[in-house]
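Structure first, then comments.
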Amino acid sequence: MSFGDPNNPYGQQPQTPQGGQPGYGYPQQAPQGIPPQGGYAYPQGAPGMPGGFPGGPLTMPGGVKAARVMLWVIAGLQIIGIGVLFAAIALIEKLKEEPELQGNAQFEDMAKLGSGVLYGLIALAVVYMIASVVLAIQCGKGGNGARIGIIVYASLGIVLSLYPFFPLSLVHLVLLILVIVFVAKSDGSAWFNRQR
């Protein structure tokens, strides 16, 4: 029998300053420079983290903050777009009152079609604006569903912004690409998947 062998489970155990054996009973005091742990091998939580288990960042990363601001900007652009569409409808109605265009069946058909398309675009812009506001609010709350919703929303927006109103849609397109990039980054993923 070798009592001095460190691999022998029945060998001599080192004594602590209190005279007991380490690792038994109540938690021992940590050596200097090492943060103390909670009782019975559970890590002690950081401030603001329940239960002591790591749950992701406590403050919103800069990329997610930027994505949230961009969602608010996109909502503002939608309001501007809605205003432009209503102005176009008002222009069509004003043209209908012109004496040289009254009674022109071809113009009246085009005006009805144009007004219908514009009202459809207004409805789409309102829905898109509401989605942008809701998702901007969800950035602060987190959750993987919010992250997926933002990515799907931005992807659909990219497809929709490829065709109409090119100068305004170019700004919209760049903002949506940046939203996807910031939300999909690792720190963005950690923020949305954190323990809440």
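By convention here, the chains of the structure tokens are called A, B, ... in the order presented, each chain's residues are numbered starting at 1, and ligands are numbered starting at 1 in the order presented.
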
Skip Gly157 (chain A) itself and residues of its chain fewer than 6 positions away, then list as a PyMOL selection string all residues within 9 Å of it, counting only C-alpha atoms. chain A and resi 128+172-173+176

For the residues in that selection, give me C-alpha atoms as a short mmCIF file (atom, residue, chain, number, x, y, z; two decimals), in the first residue's frame.
```
data_model
loop_
_atom_site.label_atom_id
_atom_site.label_comp_id
_atom_site.auth_asym_id
_atom_site.auth_seq_id
_atom_site.Cartn_x
_atom_site.Cartn_y
_atom_site.Cartn_z
CA TYR A 128 -45.23 47.06 -43.50
CA HIS A 172 -34.74 51.20 -47.99
CA LEU A 173 -32.78 48.32 -49.56
CA LEU A 176 -32.83 46.25 -44.76
#
```

So, counting only C-alpha atoms, which residue among A:Asn144, A:Ser186, A:Ser161, A:Ser132 is closest to Met70 (chain A)?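 Using only C-alpha atoms, Met70 (chain A) sits closest to A:Ser132.
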
So what do you get for CA of Val64 (chain A) versus CA of Met129 (chain A), distance-wise? 19.0 Å

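For Ile148 (chain A), the non-local neighbours within 12 Å, defined as residues at least 2 positions apart in the same chain or in other chains and counting only C-alpha atoms, are A:Leu135, A:Gln138, A:Cys139, A:Gly142, A:Gly143, A:Asn144, A:Gly145, A:Ala146, A:Ile150, A:Ile151, A:Val152, A:Tyr153, A:Ala154, A:Ser155, A:Val179, A:Ile180, A:Val183, A:Ala184, A:Gly188, A:Ser189, A:Phe192, A:Asn193.
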
N, CA, C and O atoms of the current selection, written as a short mmCIF file (atom, residue, chain, number, x, y, z; two decimals), in the first residue's frame:
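New file selection.cif:
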```cif
data_model
loop_
_atom_site.label_atom_id
_atom_site.label_comp_id
_atom_site.auth_asym_id
_atom_site.auth_seq_id
_atom_site.Cartn_x
_atom_site.Cartn_y
_atom_site.Cartn_z
N LEU A 135 -41.56 45.08 -34.70
CA LEU A 135 -40.25 44.42 -34.64
C LEU A 135 -39.20 45.30 -33.97
O LEU A 135 -38.30 44.79 -33.29
N GLN A 138 -39.73 44.73 -30.43
CA GLN A 138 -39.29 43.39 -30.05
C GLN A 138 -37.77 43.28 -29.92
O GLN A 138 -37.28 42.38 -29.25
N CYS A 139 -37.03 44.18 -30.57
CA CYS A 139 -35.56 44.14 -30.43
C CYS A 139 -35.15 44.28 -28.98
O CYS A 139 -34.19 43.65 -28.54
N GLY A 142 -36.20 40.80 -27.10
CA GLY A 142 -35.43 39.62 -27.48
C GLY A 142 -36.32 38.44 -27.81
O GLY A 142 -37.51 38.57 -28.03
N GLY A 143 -35.70 37.27 -27.84
CA GLY A 143 -36.40 36.05 -28.21
C GLY A 143 -36.02 35.64 -29.62
O GLY A 143 -35.91 36.48 -30.52
N ASN A 144 -35.81 34.35 -29.82
CA ASN A 144 -35.40 33.87 -31.14
C ASN A 144 -36.49 34.10 -32.18
O ASN A 144 -36.21 34.32 -33.34
N GLY A 145 -37.77 34.06 -31.76
CA GLY A 145 -38.86 34.33 -32.69
C GLY A 145 -38.79 35.75 -33.24
O GLY A 145 -39.06 35.98 -34.42
N ALA A 146 -38.43 36.71 -32.39
CA ALA A 146 -38.28 38.09 -32.85
C ALA A 146 -37.15 38.21 -33.85
O ALA A 146 -37.27 38.89 -34.86
N ILE A 150 -37.59 39.37 -37.69
CA ILE A 150 -36.88 40.52 -38.26
C ILE A 150 -36.18 40.12 -39.55
O ILE A 150 -36.22 40.84 -40.55
N ILE A 151 -35.56 38.95 -39.56
CA ILE A 151 -34.85 38.50 -40.77
C ILE A 151 -35.83 38.24 -41.91
O ILE A 151 -35.59 38.63 -43.06
N VAL A 152 -36.97 37.61 -41.61
CA VAL A 152 -37.98 37.35 -42.65
C VAL A 152 -38.55 38.66 -43.16
O VAL A 152 -38.71 38.87 -44.37
N TYR A 153 -38.88 39.57 -42.24
CA TYR A 153 -39.41 40.88 -42.60
C TYR A 153 -38.45 41.62 -43.53
O TYR A 153 -38.84 42.17 -44.56
N ALA A 154 -37.17 41.65 -43.15
CA ALA A 154 -36.18 42.37 -43.95
C ALA A 154 -35.98 41.70 -45.31
O ALA A 154 -35.81 42.38 -46.32
N SER A 155 -36.03 40.37 -45.35
CA SER A 155 -35.87 39.66 -46.62
C SER A 155 -37.02 39.97 -47.56
O SER A 155 -36.80 40.22 -48.77
N VAL A 179 -29.93 45.67 -41.49
CA VAL A 179 -30.71 45.07 -40.41
C VAL A 179 -30.44 43.58 -40.33
O VAL A 179 -30.20 43.02 -39.25
N ILE A 180 -30.46 42.90 -41.48
CA ILE A 180 -30.20 41.44 -41.49
C ILE A 180 -28.79 41.15 -40.97
O ILE A 180 -28.59 40.25 -40.16
N VAL A 183 -28.56 41.78 -37.08
CA VAL A 183 -29.33 40.83 -36.27
C VAL A 183 -28.75 39.42 -36.38
O VAL A 183 -28.80 38.65 -35.42
N ALA A 184 -28.16 39.09 -37.52
CA ALA A 184 -27.64 37.73 -37.73
C ALA A 184 -26.24 37.54 -37.15
O ALA A 184 -25.78 36.40 -37.03
N GLY A 188 -25.62 39.62 -31.95
CA GLY A 188 -27.06 39.77 -32.10
C GLY A 188 -27.79 38.49 -31.76
O GLY A 188 -28.82 38.49 -31.09
N SER A 189 -27.24 37.37 -32.21
CA SER A 189 -27.83 36.07 -31.89
C SER A 189 -27.80 35.83 -30.39
O SER A 189 -28.79 35.34 -29.81
N PHE A 192 -30.63 37.92 -28.73
CA PHE A 192 -31.99 37.41 -28.91
C PHE A 192 -32.19 36.06 -28.23
O PHE A 192 -33.32 35.73 -27.86
N ASN A 193 -31.14 35.28 -28.06
CA ASN A 193 -31.27 33.96 -27.44
C ASN A 193 -30.95 33.96 -25.96
O ASN A 193 -30.87 32.89 -25.35
#
```

Please measure the separation of CA of Gly140 (chain A) and CA of Ile177 (chain A), giving the value in Å to one decimal. 19.8 Å

Could the residues of region 100-134 of chain A that have an atom at most 8 Å from region 72-94 of chain A be listed as CSV, each with its closest atom pair and the distance in Å to one decimal, counting only C-alpha atoms and ordered by chain and ascending residue number?
```
residue,atom,partner,partner_atom,distance
A:Ala111,CA,A:Ile92,CA,6.3
A:Ser115,CA,A:Ile89,CA,5.9
A:Leu118,CA,A:Leu85,CA,6.2
A:Tyr119,CA,A:Leu85,CA,7.9
A:Leu121,CA,A:Leu85,CA,7.7
A:Ile122,CA,A:Ile82,CA,5.7
A:Ala125,CA,A:Gln78,CA,5.9
A:Val126,CA,A:Gln78,CA,7.3
A:Tyr128,CA,A:Gln78,CA,7.5
A:Met129,CA,A:Ala75,CA,4.8
A:Ile130,CA,A:Ala75,CA,7.5
A:Ser132,CA,A:Ala75,CA,5.7
A:Val133,CA,A:Trp72,CA,6.4
```
